[in-house]
Every structure is written in structure tokens, then in C-alpha cells.
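S.K.: One file: start.tsv (TSV, N, CA and C atoms).
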```tsv
chain	number	residue	atom	x	y	z
A	1	MET	N	167.10	337.26	137.54
A	1	MET	CA	167.49	336.33	136.51
A	1	MET	C	166.25	335.85	135.76
A	2	GLY	N	165.41	335.07	136.35
A	2	GLY	CA	164.13	334.66	135.78
A	2	GLY	C	164.22	334.04	134.41
A	3	GLN	N	163.68	334.74	133.41
A	3	GLN	CA	163.54	334.18	132.08
A	3	GLN	C	164.60	334.67	131.11
A	4	ALA	N	165.74	335.09	131.60
A	4	ALA	CA	166.79	335.60	130.72
A	4	ALA	C	167.16	334.56	129.67
A	5	GLY	N	167.21	335.01	128.43
A	5	GLY	CA	167.61	334.12	127.34
A	5	GLY	C	166.51	333.23	126.80
A	6	GLN	N	165.30	333.37	127.31
A	6	GLN	CA	164.21	332.51	126.85
A	6	GLN	C	163.25	333.30	125.97
A	7	GLY	N	163.58	333.40	124.69
A	7	GLY	CA	162.67	334.06	123.75
A	7	GLY	C	162.44	335.51	124.09
A	8	GLN	N	163.40	336.35	123.84
A	8	GLN	CA	163.33	337.75	124.24
A	8	GLN	C	162.09	338.46	123.72
A	9	ASN	N	161.55	338.07	122.58
A	9	ASN	CA	160.37	338.72	122.03
A	9	ASN	C	159.08	338.07	122.45
A	10	GLN	N	159.17	337.05	123.27
A	10	GLN	CA	157.98	336.33	123.70
A	10	GLN	C	157.06	337.27	124.47
A	11	GLY	N	155.81	337.34	124.04
A	11	GLY	CA	154.84	338.15	124.73
A	11	GLY	C	154.85	339.62	124.34
A	12	ARG	N	155.74	340.01	123.45
A	12	ARG	CA	155.82	341.41	123.01
A	12	ARG	C	155.22	341.55	121.62
A	13	SER	N	154.64	342.70	121.38
A	13	SER	CA	154.16	342.97	120.03
A	13	SER	C	155.28	343.63	119.25
A	14	ARG	N	155.23	343.50	117.95
A	14	ARG	CA	156.25	344.09	117.10
A	14	ARG	C	156.04	345.60	117.02
A	15	SER	N	157.12	346.35	117.10
A	15	SER	CA	157.01	347.80	117.08
A	15	SER	C	157.33	348.39	115.71
A	16	ASN	N	157.70	347.55	114.76
A	16	ASN	CA	158.06	348.07	113.45
A	16	ASN	C	156.87	348.00	112.49
A	17	ASN	N	155.81	348.70	112.85
A	17	ASN	CA	154.62	348.75	112.01
A	17	ASN	C	154.90	349.59	110.78
A	18	LEU	N	154.34	349.19	109.66
A	18	LEU	CA	154.54	349.91	108.41
A	18	LEU	C	153.73	351.20	108.40
A	19	VAL	N	154.33	352.25	107.89
A	19	VAL	CA	153.63	353.52	107.73
A	19	VAL	C	152.62	353.38	106.61
A	20	VAL	N	153.00	352.64	105.57
A	20	VAL	CA	152.12	352.38	104.42
A	20	VAL	C	151.92	350.86	104.35
A	21	PRO	N	150.88	350.33	105.00
A	21	PRO	CA	150.67	348.89	105.04
A	21	PRO	C	150.59	348.24	103.65
A	22	GLN	N	150.16	348.99	102.64
A	22	GLN	CA	150.06	348.44	101.29
A	22	GLN	C	151.44	348.12	100.71
A	23	ALA	N	152.50	348.61	101.32
A	23	ALA	CA	153.85	348.35	100.84
A	23	ALA	C	154.39	347.01	101.33
A	24	ASN	N	153.65	346.29	102.15
A	24	ASN	CA	154.12	345.05	102.75
A	24	ASN	C	154.58	344.03	101.71
A	25	ALA	N	153.79	343.82	100.67
A	25	ALA	CA	154.15	342.82	99.65
A	25	ALA	C	155.46	343.19	98.96
A	26	ALA	N	155.62	344.46	98.63
A	26	ALA	CA	156.85	344.90	97.97
A	26	ALA	C	158.06	344.75	98.89
A	27	LEU	N	157.89	345.04	100.17
A	27	LEU	CA	158.98	344.90	101.12
A	27	LEU	C	159.35	343.43	101.33
A	28	GLN	N	158.36	342.57	101.36
A	28	GLN	CA	158.63	341.13	101.48
A	28	GLN	C	159.40	340.63	100.26
A	29	GLN	N	159.01	341.08	99.08
A	29	GLN	CA	159.70	340.70	97.85
A	29	GLN	C	161.15	341.18	97.88
A	30	LEU	N	161.36	342.41	98.33
A	30	LEU	CA	162.70	342.96	98.45
A	30	LEU	C	163.54	342.13	99.41
A	31	LYS	N	162.93	341.71	100.51
A	31	LYS	CA	163.64	340.90	101.50
A	31	LYS	C	164.07	339.57	100.90
A	32	TYR	N	163.20	338.91	100.15
A	32	TYR	CA	163.55	337.64	99.54
A	32	TYR	C	164.60	337.79	98.46
A	33	GLU	N	164.52	338.87	97.67
A	33	GLU	CA	165.53	339.11	96.65
A	33	GLU	C	166.89	339.36	97.28
A	34	ALA	N	166.91	340.16	98.35
A	34	ALA	CA	168.16	340.46	99.04
A	34	ALA	C	168.76	339.19	99.63
A	35	ALA	N	167.94	338.39	100.26
A	35	ALA	CA	168.42	337.14	100.86
A	35	ALA	C	169.00	336.21	99.80
A	36	GLN	N	168.33	336.13	98.66
A	36	GLN	CA	168.81	335.27	97.58
A	36	GLN	C	170.17	335.76	97.07
A	37	GLU	N	170.32	337.06	96.89
A	37	GLU	CA	171.58	337.61	96.40
A	37	GLU	C	172.71	337.41	97.40
A	38	LEU	N	172.39	337.43	98.69
A	38	LEU	CA	173.40	337.28	99.72
A	38	LEU	C	173.61	335.82	100.14
A	39	GLY	N	172.76	334.92	99.66
A	39	GLY	CA	172.89	333.51	100.02
A	39	GLY	C	172.37	333.19	101.41
A	40	VAL	N	171.44	334.00	101.91
A	40	VAL	CA	170.84	333.78	103.23
A	40	VAL	C	169.44	333.21	103.02
A	41	THR	N	169.12	332.14	103.72
A	41	THR	CA	167.80	331.53	103.62
A	41	THR	C	166.87	332.17	104.64
A	42	ILE	N	165.72	332.66	104.18
A	42	ILE	CA	164.73	333.26	105.07
A	42	ILE	C	164.03	332.12	105.82
A	43	PRO	N	163.98	332.20	107.18
A	43	PRO	CA	163.31	331.13	107.93
A	43	PRO	C	161.80	331.14	107.69
A	44	GLN	N	161.23	329.97	107.45
A	44	GLN	CA	159.80	329.86	107.18
A	44	GLN	C	158.96	330.28	108.38
A	45	ASP	N	159.46	330.06	109.58
A	45	ASP	CA	158.69	330.41	110.78
A	45	ASP	C	158.91	331.85	111.24
A	46	GLY	N	159.80	332.59	110.56
A	46	GLY	CA	160.05	333.98	110.91
A	46	GLY	C	161.00	334.17	112.08
A	47	TYR	N	161.55	333.08	112.62
A	47	TYR	CA	162.46	333.15	113.77
A	47	TYR	C	163.90	333.22	113.28
A	48	TYR	N	164.58	334.31	113.59
A	48	TYR	CA	165.96	334.52	113.14
A	48	TYR	C	166.98	334.19	114.23
A	49	GLY	N	166.55	333.62	115.34
A	49	GLY	CA	167.45	333.35	116.46
A	49	GLY	C	168.58	332.40	116.16
A	50	ASN	N	168.46	331.59	115.14
A	50	ASN	CA	169.52	330.64	114.79
A	50	ASN	C	170.49	331.21	113.76
A	51	TYR	N	170.32	332.48	113.40
A	51	TYR	CA	171.18	333.12	112.42
A	51	TYR	C	172.25	333.94	113.11
A	52	THR	N	173.38	334.11	112.45
A	52	THR	CA	174.45	334.91	113.03
A	52	THR	C	174.15	336.39	112.85
A	53	SER	N	174.82	337.20	113.65
A	53	SER	CA	174.67	338.65	113.52
A	53	SER	C	175.14	339.10	112.14
A	54	ARG	N	176.14	338.44	111.61
A	54	ARG	CA	176.66	338.77	110.28
A	54	ARG	C	175.58	338.54	109.22
A	55	GLU	N	174.87	337.42	109.31
A	55	GLU	CA	173.83	337.11	108.33
A	55	GLU	C	172.68	338.11	108.39
A	56	THR	N	172.16	338.33	109.59
A	56	THR	CA	171.02	339.24	109.71
A	56	THR	C	171.45	340.68	109.46
A	57	GLY	N	172.64	341.05	109.88
A	57	GLY	CA	173.13	342.40	109.66
A	57	GLY	C	173.37	342.69	108.19
A	58	SER	N	173.93	341.72	107.47
A	58	SER	CA	174.17	341.93	106.05
A	58	SER	C	172.85	342.03	105.29
A	59	LEU	N	171.88	341.23	105.69
A	59	LEU	CA	170.57	341.28	105.06
A	59	LEU	C	169.89	342.63	105.33
A	60	GLY	N	169.90	343.07	106.57
A	60	GLY	CA	169.30	344.36	106.91
A	60	GLY	C	170.01	345.52	106.24
A	61	GLY	N	171.33	345.46	106.19
A	61	GLY	CA	172.11	346.51	105.54
A	61	GLY	C	171.83	346.59	104.06
A	62	TYR	N	171.73	345.43	103.42
A	62	TYR	CA	171.46	345.39	101.98
A	62	TYR	C	170.07	345.96	101.69
A	63	ILE	N	169.10	345.57	102.48
A	63	ILE	CA	167.73	346.06	102.28
A	63	ILE	C	167.69	347.57	102.47
A	64	THR	N	168.37	348.08	103.50
A	64	THR	CA	168.40	349.51	103.74
A	64	THR	C	169.05	350.24	102.56
A	65	LYS	N	170.14	349.70	102.05
A	65	LYS	CA	170.83	350.30	100.91
A	65	LYS	C	169.89	350.38	99.70
A	66	ARG	N	169.15	349.31	99.43
A	66	ARG	CA	168.22	349.28	98.29
A	66	ARG	C	167.07	350.26	98.51
A	67	LEU	N	166.55	350.36	99.73
A	67	LEU	CA	165.46	351.29	100.01
A	67	LEU	C	165.92	352.74	99.81
A	68	VAL	N	167.14	353.05	100.22
A	68	VAL	CA	167.69	354.39	100.02
A	68	VAL	C	167.83	354.66	98.52
A	69	GLN	N	168.32	353.68	97.75
A	69	GLN	CA	168.46	353.85	96.31
A	69	GLN	C	167.10	354.11	95.67
A	70	LEU	N	166.10	353.34	96.06
A	70	LEU	CA	164.76	353.53	95.51
A	70	LEU	C	164.20	354.92	95.85
A	71	ALA	N	164.42	355.36	97.08
A	71	ALA	CA	163.95	356.69	97.48
A	71	ALA	C	164.66	357.78	96.69
A	72	GLU	N	165.96	357.64	96.51
A	72	GLU	CA	166.71	358.63	95.74
A	72	GLU	C	166.21	358.69	94.30
A	73	GLN	N	165.92	357.54	93.73
A	73	GLN	CA	165.41	357.50	92.36
A	73	GLN	C	164.05	358.20	92.27
A	74	GLN	N	163.20	357.95	93.24
A	74	GLN	CA	161.89	358.60	93.24
A	74	GLN	C	162.01	360.10	93.40
A	75	LEU	N	162.90	360.53	94.29
A	75	LEU	CA	163.06	361.95	94.54
A	75	LEU	C	163.66	362.68	93.33
A	76	SER	N	164.47	361.98	92.57
A	76	SER	CA	165.08	362.61	91.40
A	76	SER	C	164.18	362.53	90.17
A	77	GLY	N	163.02	361.85	90.31
A	77	GLY	CA	162.07	361.77	89.22
A	77	GLY	C	162.30	360.62	88.26
A	78	ARG	N	163.28	359.76	88.56
A	78	ARG	CA	163.53	358.60	87.70
A	78	ARG	C	162.70	357.43	88.16
A	79	SER	N	162.34	356.57	87.22
A	79	SER	CA	161.65	355.32	87.58
A	79	SER	C	162.53	354.17	87.16
A	80	ASN	N	162.33	353.03	87.84
A	80	ASN	CA	163.16	351.84	87.63
A	80	ASN	C	164.61	352.17	87.92
A	81	GLN	N	165.47	351.21	87.75
A	81	GLN	CA	166.87	351.38	88.11
A	81	GLN	C	167.53	352.09	87.01
```
Output the file's structure in the form of C-alpha cells.
M.R.:
Amino acid sequence: MGQAGQGQNQGRSRSNNLVVPQANAALQQLKYEAAQELGVTIPQDGYYGNYTSRETGSLGGYITKRLVQLAEQQLSGRSNQ
């Protein structure tokens, strides 16, 4: 039993390192735009534990959808939307 339920990420490093670290600012901007469109407030401390699965799932799904759209546009040779 021990520490079950007490900060599951406590003491762990994040495994979702960016392949292109220079893309961090653009990804952060995309996250804030997605949250604004969905009406989800991004926590200032980065802790999402007080959010519902629906909120975080919809935000992640929306971001993934936009990233796929951007990749498709780049692959087809188009720029901007």
C-alpha cells in the first residue's frame, strides 16, 4: 500500500521530452489556444490533478488533432491553414 494515491509523479522525471526542443514555445502556444477554445483553464503550477478526465482528454485530443492537421499541411506543401 505505502504511498498509493500520493502524487503519482512525485520523484519521477518526465518522459515526454521533445524531439525538437526549439518547438517548445509553439507547442505551449498551441496548448493555450486549445484550452481557450475549449474553455479549459491551464493550471499555473502545471498540476492537472484537479481536472477531470474529460477536460484533460478533450484538451489532449484537440491538440493532437491540430498537430495532425499541421503535419498534413506541411506534407502537402501548403502553408498556414
S.K.: Figure out the distance between atom CA of Tyr62 of chain A and atom C of Asn50 of chain A, please, to one decimal in Å.
M.R.: 18.5 Å
S.K.: Pick out the residues sitting within 12 Å of segment 16-27 of chain A, and hand them over as a list in words; count only C-alpha atoms, and ignore anything fewer than 3 positions along from it in its own chain.
M.R.: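 So the residues in contact are Arg12, Ser13, Leu30, Lys31, Tyr32, Glu33, Ala34, Gly60, Ile63, Thr64, Arg66, Leu67 and Leu70 of chain A.
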S.K.: Can you measure atom C of Gln74 of chain A to atom C of Gly57 of chain A for me? One decimal in Å is fine.
M.R.: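 Calculated distance between atom C of Gln74 of chain A and atom C of Gly57 of chain A is 25.5 Å.
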S.K.: Quick one: pull the distance between atom N of Thr41 of chain A and atom CA of Glu55 of chain A, Å, one decimal.
M.R.: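 According to the coordinates, atom N of Thr41 of chain A and atom CA of Glu55 of chain A are separated by 8.3 Å.
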S.K.: Could you pull out all residues of segment 13-72 of chain A with a DSSP call of alpha helix (DSSP H) and give them as a PyMOL selection string?
M.R.: chain A and resi 24-38+53-72
S.K.: Around segment 16-32 of chain A, with edges along x, y and z and 6 Å added on all six sides, what centre and edge lengths do you get, in Å to one decimal, as lines of an AutoDock Vina configuration file?
M.R.:
```
center_x = 157.3
center_y = 345.6
center_z = 106.3
size_x = 26.5
size_y = 27.9
size_z = 28.9
```
